[in-house]
Amino acid sequence: MLSENIGINHAQNQNSDGSDGSDGILHNINYPPKCYYCDEYFDSVGQEVYENHVITKHRSKPCYPAEADFEFYNIKPQGMHWEKPKVQGGSS
Ligand SMILES: [Zn+2]
C-alpha cells in the first residue's frame, strides 16, 4: 500500500500556459498593485511609477522578485505572474 503524505501538498503545478486569457493570474498587469517592500500602493499609477519607486526607495532590490527572493528579502508574494518560474511544455 502506498501511503500518501496528506497535508503536505504544496506541489501544485498550474497548467495554464497555452491559453492567454483571463484565468486566475493577471497576465496583463506588469507591476504589482502594492510595493513588495513597504506599504505604498500603486493601483493605477503605472508601471514606471512603481519601478521608479523601487529603484529610488529600495535600492538594489528587484522590482519583480522571483520565488527565491521572497525568503531572501523577507517579503510576501502577491500572486503576480513573474513570481513563479515559468513552466514551458514539459509535464511529467
Ligand atoms: Zn516601497
# chains A, B, ... in the order shown; residues from 1 in each chain; ligands from 1
>>> residues_near_ligand(ligand="ligand 1", cutoff="12 Å", atoms="only C-alpha atoms and all ligand atoms", output="PyMOL selection string")
chain A and resi 32-42+49-59+61-63+75
>>> closest_residue(among="A:Asn30, A:Pro77, A:Ser60, A:Pro65", to="Glu48 (chain A)", atoms="only C-alpha atoms")
A:Asn30
>>> atom_distance(atom1="CA of Glu71 (chain A)", atom2="CA of Gln47 (chain A)")
24.1 Å
